[in-house]
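Okay, entry-v4.cif is below, mmCIF, C-alpha atoms:
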data_start
loop_
_atom_site.group_PDB
_atom_site.id
_atom_site.type_symbol
_atom_site.label_atom_id
_atom_site.label_comp_id
_atom_site.auth_asym_id
_atom_site.auth_seq_id
_atom_site.Cartn_x
_atom_site.Cartn_y
_atom_site.Cartn_z
ATOM 1 C CA MET A 791 -14.928 -21.992 -6.353
ATOM 2 C CA ILE A 792 -11.235 -21.743 -5.400
ATOM 3 C CA ASN A 793 -9.753 -21.425 -1.909
ATOM 4 C CA ILE A 794 -6.935 -19.147 -0.740
ATOM 5 C CA LYS A 795 -4.228 -21.828 -0.746
ATOM 6 C CA GLU A 796 -5.091 -22.943 -4.287
ATOM 7 C CA LEU A 797 -5.057 -19.344 -5.505
ATOM 8 C CA GLN A 798 -1.724 -18.674 -3.798
ATOM 9 C CA ASP A 799 -0.195 -21.774 -5.406
ATOM 10 C CA GLU A 800 -1.389 -20.626 -8.827
ATOM 11 C CA ILE A 801 0.047 -17.123 -8.271
ATOM 12 C CA ILE A 802 3.415 -18.602 -7.330
ATOM 13 C CA ARG A 803 3.366 -20.766 -10.460
ATOM 14 C CA LEU A 804 2.346 -17.905 -12.739
ATOM 15 C CA LYS A 805 4.836 -15.375 -11.382
ATOM 16 C CA LYS A 806 7.665 -17.794 -12.199
ATOM 17 C CA GLU A 807 6.236 -18.611 -15.602
ATOM 18 C CA ASN A 808 5.712 -14.939 -16.529
ATOM 19 C CA ASP A 809 8.909 -13.573 -14.943
ATOM 20 C CA VAL A 810 7.146 -11.390 -12.362
ATOM 21 C CA CYS A 811 8.588 -10.193 -9.047
ATOM 22 C CA ILE A 812 5.902 -9.434 -6.458
ATOM 23 C CA LEU A 813 6.622 -6.521 -4.115
ATOM 24 C CA ALA A 814 4.230 -6.300 -1.162
ATOM 25 C CA HIS A 815 4.087 -3.359 1.202
ATOM 26 C CA ALA A 816 3.758 -4.327 4.854
ATOM 27 C CA TYR A 817 0.246 -2.855 4.972
ATOM 28 C CA GLN A 818 -1.054 -5.468 2.535
ATOM 29 C CA THR A 819 -3.045 -8.417 3.868
ATOM 30 C CA GLN A 820 -1.364 -11.592 5.092
ATOM 31 C CA ASP A 821 -2.529 -13.713 2.136
ATOM 32 C CA ILE A 822 -0.730 -11.336 -0.259
ATOM 33 C CA LEU A 823 2.441 -11.204 1.831
ATOM 34 C CA GLU A 824 2.669 -14.989 1.638
ATOM 35 C CA VAL A 825 3.083 -14.953 -2.161
ATOM 36 C CA ALA A 826 5.435 -11.950 -2.305
ATOM 37 C CA ASP A 827 9.105 -12.069 -3.248
ATOM 38 C CA PHE A 828 9.870 -9.026 -1.097
ATOM 39 C CA ILE A 829 7.987 -7.477 1.829
ATOM 40 C CA GLY A 830 8.781 -4.129 3.417
ATOM 41 C CA ASP A 831 8.298 -0.385 3.424
ATOM 42 C CA SER A 832 8.052 1.688 0.273
ATOM 43 C CA PHE A 833 11.685 2.604 -0.302
ATOM 44 C CA GLY A 834 12.995 -0.732 0.908
ATOM 45 C CA LEU A 835 10.879 -2.447 -1.732
ATOM 46 C CA SER A 836 12.170 -0.098 -4.428
ATOM 47 C CA SER A 837 15.733 -0.944 -3.455
ATOM 48 C CA GLN A 838 15.014 -4.672 -3.510
ATOM 49 C CA ALA A 839 13.364 -4.294 -6.914
ATOM 50 C CA GLN A 840 16.627 -2.970 -8.353
ATOM 51 C CA LYS A 841 18.276 -6.290 -7.479
ATOM 52 C CA ALA A 842 15.450 -8.475 -8.775
ATOM 53 C CA GLN A 843 16.227 -10.689 -11.778
ATOM 54 C CA GLN A 844 12.679 -10.547 -13.131
ATOM 55 C CA ASN A 845 11.735 -8.164 -15.942
ATOM 56 C CA THR A 846 8.311 -7.285 -14.512
ATOM 57 C CA LEU A 847 7.805 -5.766 -11.058
ATOM 58 C CA LEU A 848 4.352 -5.914 -9.484
ATOM 59 C CA MET A 849 3.888 -3.375 -6.683
ATOM 60 C CA CYS A 850 1.155 -4.393 -4.260
ATOM 61 C CA GLY A 851 0.806 -1.041 -2.556
ATOM 62 C CA VAL A 852 -0.115 2.458 -3.716
ATOM 63 C CA ARG A 853 0.778 4.667 -6.661
ATOM 64 C CA PHE A 854 3.685 6.685 -5.276
ATOM 65 C CA MET A 855 5.393 3.410 -4.312
ATOM 66 C CA ALA A 856 5.069 2.052 -7.840
ATOM 67 C CA GLU A 857 6.385 5.365 -9.171
ATOM 68 C CA THR A 858 9.452 5.086 -6.938
ATOM 69 C CA VAL A 859 10.078 1.573 -8.229
ATOM 70 C CA LYS A 860 9.944 2.900 -11.795
ATOM 71 C CA ILE A 861 12.283 5.793 -10.966
ATOM 72 C CA LEU A 862 14.911 3.356 -9.715
ATOM 73 C CA SER A 863 14.285 0.547 -12.234
ATOM 74 C CA PRO A 864 13.451 2.298 -15.515
ATOM 75 C CA GLU A 865 14.461 -0.653 -17.668
ATOM 76 C CA LYS A 866 11.785 -2.882 -16.126
ATOM 77 C CA LYS A 867 8.037 -3.042 -16.547
ATOM 78 C CA VAL A 868 6.375 -1.794 -13.349
ATOM 79 C CA ILE A 869 2.746 -2.658 -12.562
ATOM 80 C CA LEU A 870 0.561 -1.124 -9.836
ATOM 81 C CA SER A 871 -1.727 -3.845 -8.508
ATOM 82 C CA HIS A 872 -4.826 -1.628 -8.347
ATOM 83 C CA PRO A 873 -5.130 1.525 -10.506
ATOM 84 C CA GLN A 874 -7.156 3.377 -7.862
ATOM 85 C CA ALA A 875 -4.718 2.734 -5.009
ATOM 86 C CA GLY A 876 -3.447 6.200 -4.162
ATOM 87 C CA CYS A 877 -2.181 7.901 -1.011
ATOM 88 C CA PRO A 878 -4.110 10.839 0.484
ATOM 89 C CA MET A 879 -0.906 12.264 1.961
ATOM 90 C CA ALA A 880 1.037 12.033 -1.305
ATOM 91 C CA GLU A 881 -1.767 13.865 -3.084
ATOM 92 C CA GLN A 882 -2.208 16.716 -0.578
ATOM 93 C CA LEU A 883 0.129 19.125 -2.355
ATOM 94 C CA THR A 884 0.128 20.053 -6.054
ATOM 95 C CA ILE A 885 3.215 20.924 -8.054
ATOM 96 C CA ASP A 886 2.027 24.551 -8.420
ATOM 97 C CA GLU A 887 1.468 24.850 -4.666
ATOM 98 C CA LEU A 888 4.964 23.531 -4.000
ATOM 99 C CA ARG A 889 6.488 26.025 -6.430
ATOM 100 C CA GLU A 890 4.727 28.848 -4.585
ATOM 101 C CA LEU A 891 6.020 27.530 -1.260
ATOM 102 C CA LYS A 892 9.552 27.477 -2.667
ATOM 103 C CA LYS A 893 9.211 31.172 -3.530
ATOM 104 C CA GLN A 894 7.989 31.882 -0.004
ATOM 105 C CA TYR A 895 10.792 29.845 1.627
ATOM 106 C CA LYS A 896 13.472 30.463 -0.979
ATOM 107 C CA ASP A 897 16.381 29.973 1.427
ATOM 108 C CA CYS A 898 15.149 26.563 2.620
ATOM 109 C CA ALA A 899 16.160 23.097 1.504
ATOM 110 C CA VAL A 900 12.999 21.287 0.404
ATOM 111 C CA VAL A 901 12.815 17.922 2.151
ATOM 112 C CA ALA A 902 10.156 15.564 0.809
ATOM 113 C CA TYR A 903 8.812 12.539 2.610
ATOM 114 C CA ILE A 904 8.925 9.500 0.326
ATOM 115 C CA ASN A 905 5.101 9.623 0.449
ATOM 116 C CA THR A 906 4.969 12.156 -2.402
ATOM 117 C CA THR A 907 4.230 11.849 -6.092
ATOM 118 C CA ALA A 908 6.997 11.565 -8.668
ATOM 119 C CA GLU A 909 5.947 14.983 -9.966
ATOM 120 C CA LEU A 910 6.501 16.619 -6.566
ATOM 121 C CA LYS A 911 9.870 14.917 -6.166
ATOM 122 C CA THR A 912 11.138 16.757 -9.261
ATOM 123 C CA GLU A 913 10.957 20.029 -7.270
ATOM 124 C CA CYS A 914 12.594 18.781 -4.058
ATOM 125 C CA ASP A 915 16.191 18.807 -2.843
ATOM 126 C CA VAL A 916 16.183 15.581 -0.877
ATOM 127 C CA CYS A 917 13.797 12.741 -0.115
ATOM 128 C CA VAL A 918 13.475 10.923 3.241
ATOM 129 C CA THR A 919 11.797 7.840 4.649
ATOM 130 C CA SER A 920 10.444 7.614 8.178
ATOM 131 C CA ALA A 921 13.462 5.444 8.995
ATOM 132 C CA SER A 922 16.107 7.709 7.409
ATOM 133 C CA ALA A 923 14.594 11.158 7.968
ATOM 134 C CA LEU A 924 16.419 12.070 11.162
ATOM 135 C CA GLU A 925 19.844 11.067 9.864
ATOM 136 C CA VAL A 926 19.365 12.675 6.452
ATOM 137 C CA VAL A 927 18.129 16.030 7.757
ATOM 138 C CA LYS A 928 20.825 16.076 10.437
ATOM 139 C CA ASN A 929 23.499 15.633 7.768
ATOM 140 C CA LEU A 930 22.110 18.287 5.439
ATOM 141 C CA PRO A 931 24.358 21.377 5.328
ATOM 142 C CA ASN A 932 21.237 23.573 5.256
ATOM 143 C CA LYS A 933 19.989 25.097 8.494
ATOM 144 C CA ASP A 934 16.578 26.084 7.144
ATOM 145 C CA ILE A 935 14.216 23.266 6.118
ATOM 146 C CA LEU A 936 10.867 23.213 4.328
ATOM 147 C CA PHE A 937 9.486 19.767 5.168
ATOM 148 C CA ILE A 938 6.629 18.359 3.087
ATOM 149 C CA PRO A 939 3.990 17.019 3.393
ATOM 150 C CA ASP A 940 3.777 15.383 6.848
ATOM 151 C CA CYS A 941 3.962 17.929 9.669
ATOM 152 C CA ASN A 942 3.866 15.147 12.292
ATOM 153 C CA LEU A 943 6.949 13.359 10.998
ATOM 154 C CA GLY A 944 8.562 16.744 10.454
ATOM 155 C CA SER A 945 7.833 17.880 14.016
ATOM 156 C CA TRP A 946 9.268 14.641 15.403
ATOM 157 C CA ILE A 947 12.503 15.329 13.510
ATOM 158 C CA ALA A 948 12.528 19.019 14.470
ATOM 159 C CA ALA A 949 12.266 18.160 18.170
ATOM 160 C CA GLN A 950 15.512 16.198 17.882
ATOM 161 C CA LEU A 951 17.329 18.803 15.776
ATOM 162 C CA PRO A 952 16.859 22.119 17.630
ATOM 163 C CA GLU A 953 19.815 23.605 15.752
ATOM 164 C CA LYS A 954 17.733 23.714 12.551
ATOM 165 C CA ASN A 955 14.754 25.844 11.540
ATOM 166 C CA PHE A 956 11.744 23.959 10.194
ATOM 167 C CA HIS A 957 8.726 25.077 8.190
ATOM 168 C CA PHE A 958 5.731 22.811 7.570
ATOM 169 C CA ILE A 959 2.458 22.635 5.714
ATOM 170 C CA LYS A 960 -0.698 21.257 7.323
ATOM 171 C CA GLY A 961 -0.280 17.827 5.792
ATOM 172 C CA GLY A 962 -0.021 14.258 6.944
ATOM 173 C CA CYS A 963 -1.559 10.812 6.877
ATOM 174 C CA PRO A 964 -5.286 11.123 7.710
ATOM 175 C CA ILE A 965 -5.306 7.516 8.953
ATOM 176 C CA HIS A 966 -2.508 7.974 11.478
ATOM 177 C CA MET A 967 -3.789 11.437 12.389
ATOM 178 C CA SER A 968 -7.144 9.920 13.354
ATOM 179 C CA ILE A 969 -5.524 8.253 16.382
ATOM 180 C CA THR A 970 -6.199 10.263 19.552
ATOM 181 C CA VAL A 971 -4.909 10.468 23.105
ATOM 182 C CA ASP A 972 -8.219 8.912 24.192
ATOM 183 C CA ASP A 973 -7.338 5.884 22.038
ATOM 184 C CA VAL A 974 -4.015 5.651 23.867
ATOM 185 C CA LYS A 975 -5.611 5.867 27.306
ATOM 186 C CA GLU A 976 -8.187 3.211 26.455
ATOM 187 C CA ALA A 977 -5.604 0.849 24.985
ATOM 188 C CA LYS A 978 -3.369 1.280 28.037
ATOM 189 C CA ARG A 979 -6.368 0.641 30.310
ATOM 190 C CA LEU A 980 -7.129 -2.603 28.509
ATOM 191 C CA HIS A 981 -3.487 -3.690 28.240
ATOM 192 C CA PRO A 982 -1.556 -2.017 31.087
ATOM 193 C CA ASN A 983 1.530 -4.219 30.683
ATOM 194 C CA ALA A 984 1.917 -3.679 26.943
ATOM 195 C CA LEU A 985 4.574 -1.462 25.367
ATOM 196 C CA LEU A 986 3.250 1.240 23.049
ATOM 197 C CA LEU A 987 4.935 1.378 19.624
ATOM 198 C CA ILE A 988 4.040 4.411 17.504
ATOM 199 C CA HIS A 989 4.629 5.440 13.889
ATOM 200 C CA PRO A 990 5.973 9.028 13.588
ATOM 201 C CA GLU A 991 3.068 9.927 11.277
ATOM 202 C CA CYS A 992 0.889 10.013 14.422
ATOM 203 C CA ARG A 993 0.116 13.281 16.185
ATOM 204 C CA GLU A 994 2.751 14.666 18.539
ATOM 205 C CA GLU A 995 0.457 14.380 21.580
ATOM 206 C CA VAL A 996 -0.084 10.670 20.803
ATOM 207 C CA SER A 997 3.617 9.991 20.226
ATOM 208 C CA ALA A 998 4.357 11.503 23.647
ATOM 209 C CA TYR A 999 3.034 8.291 25.254
ATOM 210 C CA ALA A 1000 5.179 5.959 23.147
ATOM 211 C CA ASP A 1001 7.764 3.510 24.409
ATOM 212 C CA TYR A 1002 9.162 3.472 20.881
ATOM 213 C CA ILE A 1003 8.641 5.695 17.825
ATOM 214 C CA GLY A 1004 9.703 4.433 14.413
ATOM 215 C CA SER A 1005 8.882 3.240 10.921
ATOM 216 C CA THR A 1006 6.956 0.061 10.186
ATOM 217 C CA THR A 1007 10.264 -1.734 9.697
ATOM 218 C CA GLY A 1008 11.577 -0.204 12.917
ATOM 219 C CA ILE A 1009 8.531 -1.366 14.882
ATOM 220 C CA SER A 1010 9.000 -4.918 13.621
ATOM 221 C CA ALA A 1011 12.695 -4.837 14.505
ATOM 222 C CA PHE A 1012 11.904 -3.508 17.986
ATOM 223 C CA VAL A 1013 9.494 -6.382 18.613
ATOM 224 C CA GLU A 1014 12.084 -8.881 17.370
ATOM 225 C CA LYS A 1015 14.693 -7.672 19.860
ATOM 226 C CA SER A 1016 12.414 -6.962 22.805
ATOM 227 C CA ASP A 1017 11.962 -9.299 25.761
ATOM 228 C CA ALA A 1018 8.484 -7.850 26.325
ATOM 229 C CA LYS A 1019 5.490 -10.081 25.649
ATOM 230 C CA GLU A 1020 2.741 -7.523 24.933
ATOM 231 C CA PHE A 1021 2.627 -4.626 22.481
ATOM 232 C CA ILE A 1022 0.109 -1.980 21.431
ATOM 233 C CA ILE A 1023 0.721 -1.130 17.781
ATOM 234 C CA GLY A 1024 0.154 2.475 16.710
ATOM 235 C CA THR A 1025 0.143 2.153 12.944
ATOM 236 C CA GLU A 1026 -1.964 0.530 10.213
ATOM 237 C CA ASN A 1027 -3.771 -2.398 11.764
ATOM 238 C CA SER A 1028 -2.509 -4.968 9.273
ATOM 239 C CA ILE A 1029 0.805 -4.838 11.151
ATOM 240 C CA VAL A 1030 -0.926 -6.326 14.200
ATOM 241 C CA GLN A 1031 -1.856 -9.425 12.216
ATOM 242 C CA HIS A 1032 1.582 -9.754 10.595
ATOM 243 C CA LEU A 1033 3.300 -9.559 13.975
ATOM 244 C CA GLN A 1034 0.917 -12.177 15.341
ATOM 245 C CA PHE A 1035 2.044 -14.541 12.589
ATOM 246 C CA SER A 1036 5.762 -13.802 12.949
ATOM 247 C CA HIS A 1037 5.786 -13.827 16.780
ATOM 248 C CA PRO A 1038 3.079 -16.268 17.945
ATOM 249 C CA ASP A 1039 4.600 -16.300 21.435
ATOM 250 C CA LYS A 1040 3.796 -12.607 21.930
ATOM 251 C CA SER A 1041 0.542 -10.611 22.074
ATOM 252 C CA PHE A 1042 -0.291 -7.622 19.872
ATOM 253 C CA TYR A 1043 -3.148 -5.144 20.146
ATOM 254 C CA MET A 1044 -4.321 -2.389 17.815
ATOM 255 C CA LEU A 1045 -4.156 1.141 19.193
ATOM 256 C CA SER A 1046 -7.193 2.239 17.200
ATOM 257 C CA LYS A 1047 -9.658 0.088 15.285
ATOM 258 C CA GLY A 1048 -9.992 2.983 12.823
ATOM 259 C CA CYS A 1049 -6.353 2.889 11.721
ATOM 260 C CA VAL A 1050 -7.069 1.165 8.406
ATOM 261 C CA CYS A 1051 -5.800 2.369 5.020
ATOM 262 C CA ASP A 1052 -8.608 1.911 2.495
ATOM 263 C CA ASP A 1053 -6.206 2.396 -0.418
ATOM 264 C CA MET A 1054 -4.033 -0.487 0.760
ATOM 265 C CA ARG A 1055 -7.138 -2.627 1.136
ATOM 266 C CA LEU A 1056 -8.101 -2.139 -2.523
ATOM 267 C CA THR A 1057 -5.676 -4.831 -3.670
ATOM 268 C CA THR A 1058 -6.984 -8.348 -3.155
ATOM 269 C CA LEU A 1059 -5.341 -11.716 -3.667
ATOM 270 C CA MET A 1060 -7.487 -12.163 -6.785
ATOM 271 C CA ASP A 1061 -6.116 -8.850 -8.108
ATOM 272 C CA VAL A 1062 -2.601 -10.217 -7.654
ATOM 273 C CA TYR A 1063 -3.608 -13.363 -9.534
ATOM 274 C CA ARG A 1064 -4.959 -11.360 -12.453
ATOM 275 C CA CYS A 1065 -1.875 -9.135 -12.476
ATOM 276 C CA VAL A 1066 0.561 -12.042 -12.741
ATOM 277 C CA LYS A 1067 -1.615 -13.393 -15.570
ATOM 278 C CA GLY A 1068 -1.207 -10.041 -17.318
ATOM 279 C CA GLU A 1069 -4.927 -9.272 -17.197
ATOM 280 C CA SER A 1070 -5.060 -6.495 -14.595
ATOM 281 C CA GLY A 1071 -3.152 -3.708 -12.896
ATOM 282 C CA GLU A 1072 -1.759 -0.513 -14.411
ATOM 283 C CA GLU A 1073 1.662 -0.086 -15.976
ATOM 284 C CA ILE A 1074 3.535 2.908 -14.582
ATOM 285 C CA VAL A 1075 4.844 5.113 -17.369
ATOM 286 C CA MET A 1076 6.790 8.359 -16.983
ATOM 287 C CA SER A 1077 8.992 10.454 -19.201
ATOM 288 C CA GLU A 1078 12.742 10.067 -18.840
ATOM 289 C CA GLU A 1079 12.980 13.783 -18.057
ATOM 290 C CA GLN A 1080 10.619 13.461 -15.094
ATOM 291 C CA ARG A 1081 12.299 10.267 -13.895
ATOM 292 C CA ILE A 1082 15.767 11.826 -13.845
ATOM 293 C CA LYS A 1083 14.535 14.969 -12.067
ATOM 294 C CA ALA A 1084 12.677 12.902 -9.456
ATOM 295 C CA LYS A 1085 15.650 10.604 -8.919
ATOM 296 C CA LYS A 1086 17.926 13.476 -7.852
ATOM 297 C CA CYS A 1087 16.225 13.881 -4.463
ATOM 298 C CA ILE A 1088 16.387 10.106 -3.901
ATOM 299 C CA ASP A 1089 20.098 10.085 -4.755
ATOM 300 C CA ALA A 1090 20.555 12.940 -2.283
ATOM 301 C CA MET A 1091 18.853 10.859 0.416
ATOM 302 C CA LEU A 1092 21.251 7.998 -0.176
ATOM 303 C CA TYR A 1093 24.203 10.397 -0.043
ATOM 304 C CA TYR A 1094 23.191 12.070 3.221
ATOM 305 C CA SER A 1095 22.208 8.814 4.925
ATOM 306 C CA LYS A 1096 25.723 7.387 4.686
#
Turn the structure described in the file into structure tokens.
Amino acid sequence: MINIKELQDEIIRLKKENDVCILAHAYQTQDILEVADFIGDSFGLSSQAQKAQQNTLLMCGVRFMAETVKILSPEKKVILSHPQAGCPMAEQLTIDELRELKKQYKDCAVVAYINTTAELKTECDVCVTSASALEVVKNLPNKDILFIPDCNLGSWIAAQLPEKNFHFIKGGCPIHMSITVDDVKEAKRLHPNALLLIHPECREEVSAYADYIGSTTGISAFVEKSDAKEFIIGTENSIVQHLQFSHPDKSFYMLSKGCVCDDMRLTTLMDVYRCVKGESGEEIVMSEEQRIKAKKCIDAMLYYSK
């Protein structure tokens, strides 16, 4: 029998011994975040990974995130903490379906949310994160936009850029889309003095009640700067716990008890232990041709976000 603290200490020892950098997405559990070298959203972690001195990068998250790390750090060994950790939104559209959409909307710039597979990114013009999407699309010279796959994030951007024409598919995060207006009303009834902070992957009718709409990183930054003492958090429920740890003087409530990503929950602290020992996880491998093609839309994001 081993306890959490003992296991964490052993992970920290082993990651140094085996030259492993642990990247933990913010939706991972608190015990994993405590042993990570970098914590953040998917693209932020990929950017941090480029600066890491270690030769092995362990992504505690889902597959498309590990793929993005590999795209930006091809010289390093990239490990996905759990081979079955995927993303329902990233897998909603196939490469053949996207090619057909491009024929249908041939005059549109294809804008891909970062929550897409590396294969899909090879067919897109520019990539965006929830934090950068508005700025990137605003700066695009194109007036006509095909936004994939999240119609909720896309609609949020479109509402702020009426000068552009948007086309969407019926895609999005099933976890965030499960949040309803009834959830909002009940949460506000229970916590009438709390500010409502919403992720843009939520439905438009839910976001309409928000005091703030933004990425996971944006929500955390809002809490940091706010004088308010109570917050209802409209994103994956792990964020509620993380904010409770980082701001013990404030109160945080989940908007919906059902807002839980099962794929993020696949990775356990014991999985991380076995990965840093070299006994578990899956190495991400892709051809150089695919990597270069996928990287073009990420490079375009960086260009248009400046």
Requested in this report: Just the residues within 7 Å of Asn905 (chain A), please, counting all atoms listed in the file, with nothing from its chain fewer than 3 positions along; format it as a PyMOL selection string.
Outcome: chain A and resi 854+879-880
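Here, the PyMOL selection byres ((chain A and resi 878) around 12) matches Val852, Arg853, Phe854, Gln874, Ala875, Gly876, Cys877, Met879, Ala880, Glu881, Gln882, Leu883, Asn905, Thr906, Thr907, Pro939, Asp940, Gly961, Gly962, Cys963, Pro964, Ile965, His966, Met967, Cys1051, Asp1052, Asp1053 and Met1054 of chain A.
Candidate residues A:Val901, A:Cys1087, A:Ala921, A:Ala949 were compared for distance to Phe937 (chain A), and the nearest is A:Val901, using all atoms listed in the file.
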Report task. I would like the residues chosen by the PyMOL selection byres ((chain A and resi 1085) around 12) on the shown file; could you give them as a PyMOL selection string? Result -> chain A and resi 857-864+904+907-917+1078-1084+1086-1092
Report task. Please evaluate the PyMOL selection byres ((chain A and resi 834) around 12) against the structure above and give the resulting residues as JSON, numbers by chain. Result -> {"A": [813, 814, 815, 816, 828, 829, 830, 831, 832, 833, 835, 836, 837, 838, 839, 840, 841, 855, 858, 859, 862, 904, 918, 919, 920, 921, 922, 1005, 1006, 1007]}
I'd like a table as a tab-separated table: residues in region 793-839 of chain A with an atom no more than 6 Å from region 1055-1070 of chain A, each row giving the shortest atom pair and its distance in Å to one decimal, all atoms listed in the file counted, sorted by chain and rising residue number.
residue	atom	partner	partner_atom	distance
A:Ile801	CA	A:Tyr1063	CA	5.4
A:Lys805	CA	A:Val1066	CA	5.6
A:Ile822	CA	A:Leu1059	CA	5.7
Requested in this report: Write out as number ranges by chain which residues come within 7 Å of region 1031-1037 of chain A when counting all atoms listed in the file, dropping same-chain ones fewer than 4 positions away.
Outcome: A: 820, 1041-1042
Go ahead and write the residues just picked, C-alpha atoms, as a PDB file, in the frame of the given file.
ATOM      1  CA  GLN A 820      -1.364 -11.592   5.092  1.00  0.00           C
ATOM      2  CA  SER A1041       0.542 -10.611  22.074  1.00  0.00           C
ATOM      3  CA  PHE A1042      -0.291  -7.622  19.872  1.00  0.00           C
TER       4      PHE A1042
END
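CA of Ala1011 (chain A) to CA of Phe958 (chain A) spans 29.3 Å [interatomic distance, one decimal].
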Would you mind putting back N, CA and C atoms on region 1016-1031 of chain A, then writing it out as a short mmCIF file (atom, residue, chain, number, x, y, z; two decimals), in the frame of the given file?
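Result file follows (rebuild_0.cif):
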data_model
loop_
_atom_site.label_atom_id
_atom_site.label_comp_id
_atom_site.auth_asym_id
_atom_site.auth_seq_id
_atom_site.Cartn_x
_atom_site.Cartn_y
_atom_site.Cartn_z
N SER A 1016 12.94 -7.22 21.47
CA SER A 1016 12.41 -6.96 22.80
C SER A 1016 12.10 -8.24 23.57
N ASP A 1017 12.33 -8.19 24.87
CA ASP A 1017 11.96 -9.30 25.76
C ASP A 1017 10.50 -9.19 26.22
N ALA A 1018 9.88 -8.06 25.92
CA ALA A 1018 8.48 -7.85 26.32
C ALA A 1018 7.57 -8.84 25.60
N LYS A 1019 6.42 -9.10 26.20
CA LYS A 1019 5.49 -10.08 25.65
C LYS A 1019 4.20 -9.46 25.10
N GLU A 1020 3.97 -8.16 25.38
CA GLU A 1020 2.74 -7.52 24.93
C GLU A 1020 3.06 -6.17 24.31
N PHE A 1021 2.37 -5.86 23.21
CA PHE A 1021 2.63 -4.63 22.48
C PHE A 1021 1.32 -4.04 21.94
N ILE A 1022 1.18 -2.73 22.08
CA ILE A 1022 0.11 -1.98 21.43
C ILE A 1022 0.73 -1.33 20.20
N ILE A 1023 0.13 -1.56 19.04
CA ILE A 1023 0.72 -1.13 17.78
C ILE A 1023 0.00 0.10 17.23
N GLY A 1024 0.72 1.21 17.17
CA GLY A 1024 0.15 2.48 16.71
C GLY A 1024 0.50 2.78 15.27
N THR A 1025 0.05 1.91 14.38
CA THR A 1025 0.14 2.15 12.94
C THR A 1025 -0.94 1.33 12.26
N GLU A 1026 -0.92 1.23 10.95
CA GLU A 1026 -1.96 0.53 10.21
C GLU A 1026 -2.18 -0.86 10.80
N ASN A 1027 -3.44 -1.21 10.98
CA ASN A 1027 -3.77 -2.40 11.76
C ASN A 1027 -3.34 -3.73 11.16
N SER A 1028 -3.01 -3.73 9.87
CA SER A 1028 -2.51 -4.97 9.27
C SER A 1028 -1.23 -5.44 9.95
N ILE A 1029 -0.46 -4.50 10.49
CA ILE A 1029 0.80 -4.84 11.15
C ILE A 1029 0.56 -5.70 12.38
N VAL A 1030 -0.58 -5.50 13.04
CA VAL A 1030 -0.93 -6.33 14.20
C VAL A 1030 -1.01 -7.79 13.77
N GLN A 1031 -1.71 -8.04 12.69
CA GLN A 1031 -1.86 -9.43 12.22
C GLN A 1031 -0.51 -10.01 11.78
#
